[in-house]
Each structure stands twice: as C-alpha cells, then as structure tokens.
Amino acid sequence: MELLNETLKLYLEQYCEPEPELLKHIDRETHLKVLMPRMVSGHYQGRVISLLTKLVNPKNILEIGTFTGYATLCFAEGLAEGGKIITIDINEELEDRVRGYFAQSAYADKIDYRIGNAMEIVPTLKETFDIVFIDADKKNNLNYYNLVFNQVKPGGLIIVDNVLWSGKVLAQKEDKDTSNIINFNDEIAKDKSVEKLILPVRDGLFIIRKK
Ligand SMILES: C[S@@+](CC[C@H](N)C(=O)[O-])C[C@H]1O[C@@H](n2cnc3c(N)ncnc32)[C@H](O)[C@@H]1O
C-alpha cells in the first residue's frame with residue numbers, strides 16, 4: 001500500500017520546489033537501470049530533506065544507505081560553508097554510477113562516499129553530527145541509532161526513513177522487517193532524551209531531535 005496516492009503525490013510535487021535536473025536524471029536512471037528503484041527518495045521527499053537541512057545549516061551529516069545518491073545530494077544542498085556529508089553503502093555494484101553522479105554535482109568535494117558495511121564503518125567515525133539519516137538495512141535501525149547517538153550534537157537531528165513500511169506498521173503485520181520497525185518506533189516513542197514525530201512523507205520519515 002502506498003501511503004500517498006498518486007493524485008496527492010502529483011499535487012505535492014507541483015507545490016514544492018522543482019526537482020533539480022541532475023536529480024531528475026538520477027531518478028530516471030534509477031528506475032530504468034537499478035534493482036529496487038522504489039528505494040530512491042524522489043522529488044517530494046528530496047525537497048523535504050533539502051528544506052530541513054537548510055533550516056539546520058549543518059557542518060556534518062552522516063547518511064547510512066546511499067543507494068543511488070539521490071538523498072545525499074538533497075542533504076548536500078543545505079550544508080554550511082565548509083561542511084561535509086559522509087555517506088555509506090554496502091553495495092559496491094553501484095559505486096561507479098554513484099561516483100559519476102556526485103562528480104557531476106556541485107557538491108563533489110563535500111561528499112565522502114564509503115563502500116562497506118555501515119555496522120563496521122560507523123563505529124570508526126570520530127566526527128560529531130548535526131544530522132544523521134538512517135536509511136539502510138531496516139533490521140539495524142536501532143543498532144545504528146544507538147551507535148551514533150553520542151556523536152549527535154544536542155539539537156541535532158536523526159532522521160529515519162520507511163518507518164511506516166508501506167502501511168504494514170499500521171496493520172501490525174508480523175513479518176520480521178515490520179516487527180523490527182515497530183520495535184524501533186516503540187523505543188523512540190519511549191526515549192525521553194529526544195523530541196520526535198513521524199512525518200507521513202512517502203513511506204514515513206521519523207524526525208528525532210536530540211534535546
Ligand atoms: C533505501 S536504500 C537508500 C536510499 C537513499 N538513502 C535515498 O534516499 O535515495 C538502502 C540502501 O542501504 C544499503 N545497505 C543495506 N544494508 C547496508 C549495510 N549494512 N551497510 C551499508 N549500507 C547498507 C543498500 O545497499 C541500499 O543501497
């Protein structure tokens with residue numbers, strides 16, 4: 001089940017900023033040439049990410065789950081002067097394509113793209129982050145959250161994608177992925193060290209602000 005019906009999606013896309021040409025190209029190629037294209041953030045969610053990032057004006061961003069780099073470039077639009085984004089993906093088959101997209105963008109020198117298992121790479125990072133985007137293997141949402149939490153600045157954001165999981169979370173489906181996401185959402189709801197809300201954007205974006 002798609003949470004946004006096609007008519008509403010098209011309307012929302014008309015009343016936000018237009019999709020930059022490179023992102024249009026990435027979205028088109030992702031749908032034509034890459035497996036599981038529906039993982040791409042896309043126009044409306046991309047503009048939500050871009051606007052949120054501009055409000056925060058971050059120095060350091062961490063993205064866990066690059067895929068084709070669409071959201072990476074949306075985050076990069078809002079980086080502060082001298083800021084950078086580290087983005088991690090385990091899928092080396094996409095590396096050349098994604099490095100090509102980043103090279104064509106205005107943000108090539110701000111993006112630190114690493115290939116490997118985020119569960120191994122994240123514990124090696126020394127930076128503190130203004131924004132962390134968790135969008136990889138959903139079973140590890142809580143592990144990533146716990147791994148990065150101490151490196152998120154007070155007032156910083158942790159954003160987690162797909163927390164409504166195509167409506168399966170509301171239907172309380174009992175498959176493993178859905179149960180993991182429900183468990184993650186429940187843990188965040190109980191966490192008193194953060195302010196939080198789920199935006200019903202695309203597949204559900206959890207916006208979590210560290211107090
Ligand atoms: C939903 S996609 C990311 C979409 C992208 N952030 C966007 O918004 O366009 C999830 C990505 O996580 C990656 N991934 C899955 N498990 C991972 C892991 N353990 N470490 C790093 N990346 C992982 C997958 O290869 C996939 O490209």
# chains A, B, ... in the order shown; residues from 1 in each chain; ligands from 1
>>> closest_atom_pairs(of="chain A", to="ligand 1", cutoff="7 Å", atoms="only C-alpha atoms and all ligand atoms", output="CSV")
residue,atom,partner,partner_atom_place_in_ligand_line,distance
A:Met39,CA,ligand 1,1 (C),4.3
A:Val40,CA,ligand 1,9 (O),3.6
A:Ser41,CA,ligand 1,8 (O),3.9
A:Gly42,CA,ligand 1,9 (O),6.9
A:Ile64,CA,ligand 1,22 (N),6.1
A:Gly65,CA,ligand 1,12 (O),3.6
A:Thr66,CA,ligand 1,6 (N),4.6
A:Phe67,CA,ligand 1,27 (O),3.3
A:Thr68,CA,ligand 1,9 (O),6.0
A:Gly69,CA,ligand 1,9 (O),5.8
A:Tyr70,CA,ligand 1,9 (O),4.5
A:Ala71,CA,ligand 1,8 (O),4.3
A:Thr72,CA,ligand 1,6 (N),6.9
A:Ile88,CA,ligand 1,21 (C),5.5
A:Asp89,CA,ligand 1,22 (N),3.5
A:Ile90,CA,ligand 1,21 (C),4.1
A:Asn91,CA,ligand 1,25 (O),4.5
A:Gly116,CA,ligand 1,21 (C),5.9
A:Asn117,CA,ligand 1,20 (N),3.7
A:Ala118,CA,ligand 1,20 (N),3.8
A:Met119,CA,ligand 1,19 (N),5.8
A:Asp135,CA,ligand 1,3 (C),5.2
A:Ala136,CA,ligand 1,12 (O),3.3
A:Asp137,CA,ligand 1,16 (N),4.1
>>> select_by_dssp(residues="range 129-165 of chain A", states="helix (DSSP H, G or I)", output="PyMOL selection string")
chain A and resi 138-151+165
>>> residues_around(residues="range 179-189 of chain A", least_positions_apart="5", cutoff="9 Å", atoms="only C-alpha atoms", output="JSON, numbers by chain")
{"A": [138, 139, 140, 141, 142, 162, 163, 164, 165, 169, 170, 172, 173, 174, 194, 195, 196, 197, 206, 208]}
>>> residues_around(residues="Ile134 in chain A", least_positions_apart="6", cutoff="8 Å", atoms="only C-alpha atoms", output="PDB file with N, CA and C atoms, in the first residue's frame")
ATOM      1  N   GLU A  63      24.989   9.898   6.358  1.00  0.00           N
ATOM      2  CA  GLU A  63      23.892   9.139   5.744  1.00  0.00           C
ATOM      3  C   GLU A  63      24.271   7.661   5.731  1.00  0.00           C
ATOM      4  N   ILE A  64      23.409   6.827   6.273  1.00  0.00           N
ATOM      5  CA  ILE A  64      23.646   5.376   6.263  1.00  0.00           C
ATOM      6  C   ILE A  64      22.686   4.788   5.228  1.00  0.00           C
ATOM      7  N   GLY A  65      23.225   4.371   4.076  1.00  0.00           N
ATOM      8  CA  GLY A  65      22.400   3.894   2.957  1.00  0.00           C
ATOM      9  C   GLY A  65      22.347   4.914   1.833  1.00  0.00           C
ATOM     10  N   ASN A 141      18.044  -0.559  12.367  1.00  0.00           N
ATOM     11  CA  ASN A 141      17.705   0.836  12.712  1.00  0.00           C
ATOM     12  C   ASN A 141      18.127   1.185  14.142  1.00  0.00           C
ATOM     13  N   TYR A 144      21.961   1.246  14.609  1.00  0.00           N
ATOM     14  CA  TYR A 144      22.566   2.476  14.085  1.00  0.00           C
ATOM     15  C   TYR A 144      22.268   3.650  15.018  1.00  0.00           C
ATOM     16  N   TYR A 145      21.029   3.718  15.472  1.00  0.00           N
ATOM     17  CA  TYR A 145      20.614   4.809  16.374  1.00  0.00           C
ATOM     18  C   TYR A 145      21.504   4.811  17.617  1.00  0.00           C
ATOM     19  N   ILE A 158      18.212  13.128  14.069  1.00  0.00           N
ATOM     20  CA  ILE A 158      18.363  11.792  13.486  1.00  0.00           C
ATOM     21  C   ILE A 158      17.075  11.566  12.689  1.00  0.00           C
ATOM     22  N   ILE A 159      17.227  11.320  11.405  1.00  0.00           N
ATOM     23  CA  ILE A 159      16.050  11.120  10.541  1.00  0.00           C
ATOM     24  C   ILE A 159      16.076   9.663  10.076  1.00  0.00           C
ATOM     25  N   VAL A 160      14.949   8.993  10.227  1.00  0.00           N
ATOM     26  CA  VAL A 160      14.905   7.568   9.881  1.00  0.00           C
ATOM     27  C   VAL A 160      13.796   7.348   8.851  1.00  0.00           C
ATOM     28  N   ASP A 161      14.157   6.724   7.746  1.00  0.00           N
ATOM     29  CA  ASP A 161      13.193   6.557   6.641  1.00  0.00           C
ATOM     30  C   ASP A 161      12.433   5.226   6.759  1.00  0.00           C
TER      31      ASP A 161
END
>>> residues_around(residues="range 22-32 of chain A", least_positions_apart="2", cutoff="8 Å", atoms="only C-alpha atoms", output="number ranges by chain")
A: 19-20, 34-35, 37-38, 40, 42-43, 68, 70, 73, 101, 104-105
>>> decode(residues="range 64-110 of chain A", atoms="N, CA and C atoms", output="CSV table (one decimal), in the first residue's frame")
chain,number,residue,atom,x,y,z
A,64,ILE,N,23.4,6.8,6.3
A,64,ILE,CA,23.6,5.4,6.3
A,64,ILE,C,22.7,4.8,5.2
A,65,GLY,N,23.2,4.4,4.1
A,65,GLY,CA,22.4,3.9,3.0
A,65,GLY,C,22.3,4.9,1.8
A,66,THR,N,23.4,4.9,1.0
A,66,THR,CA,23.5,5.9,-0.1
A,66,THR,C,22.5,5.6,-1.3
A,67,PHE,N,22.5,4.3,-1.6
A,67,PHE,CA,21.8,3.8,-2.8
A,67,PHE,C,22.3,4.6,-4.0
A,68,THR,N,21.5,5.3,-4.8
A,68,THR,CA,22.0,6.0,-6.0
A,68,THR,C,22.3,7.4,-5.7
A,69,GLY,N,22.4,7.8,-4.4
A,69,GLY,CA,22.9,9.1,-4.1
A,69,GLY,C,21.9,10.3,-4.1
A,70,TYR,N,20.7,9.9,-4.4
A,70,TYR,CA,19.6,11.0,-4.5
A,70,TYR,C,19.5,11.8,-3.2
A,71,ALA,N,19.3,11.1,-2.1
A,71,ALA,CA,19.2,11.9,-0.9
A,71,ALA,C,20.5,12.6,-0.4
A,72,THR,N,21.6,11.9,-0.7
A,72,THR,CA,22.9,12.5,-0.4
A,72,THR,C,23.0,14.0,-1.0
A,73,LEU,N,22.6,14.1,-2.3
A,73,LEU,CA,22.7,15.4,-2.9
A,73,LEU,C,21.6,16.4,-2.4
A,74,CYS,N,20.5,15.9,-1.9
A,74,CYS,CA,19.5,16.8,-1.3
A,74,CYS,C,20.0,17.3,0.0
A,75,PHE,N,20.7,16.4,0.8
A,75,PHE,CA,21.3,16.9,2.1
A,75,PHE,C,22.4,17.9,1.8
A,76,ALA,N,23.2,17.6,0.8
A,76,ALA,CA,24.4,18.4,0.5
A,76,ALA,C,23.9,19.9,0.1
A,77,GLU,N,22.7,20.0,-0.4
A,77,GLU,CA,22.2,21.4,-0.8
A,77,GLU,C,22.2,22.3,0.5
A,78,GLY,N,22.0,21.7,1.7
A,78,GLY,CA,21.8,22.6,2.9
A,78,GLY,C,23.1,22.6,3.7
A,79,LEU,N,24.2,22.1,3.3
A,79,LEU,CA,25.4,22.1,4.1
A,79,LEU,C,25.9,23.5,4.4
A,80,ALA,N,26.4,23.7,5.6
A,80,ALA,CA,27.0,25.0,5.9
A,80,ALA,C,28.3,25.1,5.0
A,81,GLU,N,28.8,26.4,4.9
A,81,GLU,CA,30.1,26.6,4.3
A,81,GLU,C,31.2,25.7,4.9
A,82,GLY,N,31.9,25.0,4.2
A,82,GLY,CA,33.0,24.1,4.7
A,82,GLY,C,32.4,22.8,5.3
A,83,GLY,N,31.1,22.6,5.2
A,83,GLY,CA,30.5,21.3,5.7
A,83,GLY,C,30.7,20.1,4.8
A,84,LYS,N,30.5,18.9,5.4
A,84,LYS,CA,30.6,17.7,4.6
A,84,LYS,C,29.6,16.6,5.0
A,85,ILE,N,29.3,15.7,4.0
A,85,ILE,CA,28.4,14.6,4.3
A,85,ILE,C,29.2,13.3,4.1
A,86,ILE,N,29.2,12.4,5.1
A,86,ILE,CA,29.7,11.1,4.9
A,86,ILE,C,28.5,10.2,4.5
A,87,THR,N,28.6,9.4,3.5
A,87,THR,CA,27.6,8.5,3.1
A,87,THR,C,28.1,7.1,2.9
A,88,ILE,N,27.4,6.1,3.4
A,88,ILE,CA,27.9,4.8,3.4
A,88,ILE,C,27.0,3.8,2.7
A,89,ASP,N,27.5,2.9,1.9
A,89,ASP,CA,26.6,1.9,1.3
A,89,ASP,C,27.4,0.6,1.1
A,90,ILE,N,26.8,-0.5,1.3
A,90,ILE,CA,27.4,-1.8,1.2
A,90,ILE,C,27.5,-2.3,-0.2
A,91,ASN,N,26.7,-1.7,-1.1
A,91,ASN,CA,26.5,-2.2,-2.5
A,91,ASN,C,27.6,-1.6,-3.4
A,92,GLU,N,28.7,-2.4,-3.6
A,92,GLU,CA,29.8,-1.9,-4.5
A,92,GLU,C,29.4,-1.9,-5.9
A,93,GLU,N,28.3,-2.6,-6.3
A,93,GLU,CA,27.9,-2.6,-7.7
A,93,GLU,C,27.5,-1.2,-8.2
A,94,LEU,N,27.0,-0.4,-7.2
A,94,LEU,CA,26.5,0.9,-7.6
A,94,LEU,C,27.6,2.0,-7.6
A,95,GLU,N,28.8,1.6,-7.1
A,95,GLU,CA,29.8,2.6,-6.8
A,95,GLU,C,30.1,3.5,-8.0
A,96,ASP,N,30.4,2.9,-9.1
A,96,ASP,CA,30.9,3.8,-10.3
A,96,ASP,C,29.8,4.7,-10.7
A,97,ARG,N,28.5,4.2,-10.8
A,97,ARG,CA,27.4,5.0,-11.1
A,97,ARG,C,27.3,6.2,-10.2
A,98,VAL,N,27.3,5.9,-8.9
A,98,VAL,CA,27.1,7.0,-7.9
A,98,VAL,C,28.3,8.0,-7.8
A,99,ARG,N,29.5,7.5,-8.0
A,99,ARG,CA,30.6,8.4,-8.0
A,99,ARG,C,30.5,9.3,-9.2
A,100,GLY,N,29.9,8.8,-10.3
A,100,GLY,CA,29.7,9.6,-11.5
A,100,GLY,C,28.7,10.7,-11.2
A,101,TYR,N,27.6,10.4,-10.5
A,101,TYR,CA,26.6,11.4,-10.2
A,101,TYR,C,27.2,12.5,-9.3
A,102,PHE,N,27.9,12.0,-8.3
A,102,PHE,CA,28.5,13.0,-7.4
A,102,PHE,C,29.5,13.9,-8.1
A,103,ALA,N,30.2,13.4,-9.0
A,103,ALA,CA,31.2,14.2,-9.8
A,103,ALA,C,30.5,15.2,-10.6
A,104,GLN,N,29.3,14.9,-11.1
A,104,GLN,CA,28.5,15.9,-11.9
A,104,GLN,C,27.9,17.0,-11.1
A,105,SER,N,27.8,16.8,-9.8
A,105,SER,CA,27.1,17.7,-8.9
A,105,SER,C,28.0,18.9,-8.5
A,106,ALA,N,27.3,19.8,-7.8
A,106,ALA,CA,28.1,21.0,-7.3
A,106,ALA,C,28.7,20.6,-6.0
A,107,TYR,N,28.6,19.4,-5.5
A,107,TYR,CA,29.0,19.1,-4.1
A,107,TYR,C,30.0,18.0,-4.0
A,108,ALA,N,30.7,17.7,-5.2
A,108,ALA,CA,31.6,16.6,-5.2
A,108,ALA,C,32.7,16.7,-4.1
A,109,ASP,N,33.2,17.9,-3.8
A,109,ASP,CA,34.2,17.9,-2.7
A,109,ASP,C,33.7,18.0,-1.3
A,110,LYS,N,32.3,17.9,-1.2
A,110,LYS,CA,31.7,17.9,0.2
A,110,LYS,C,31.2,16.5,0.5
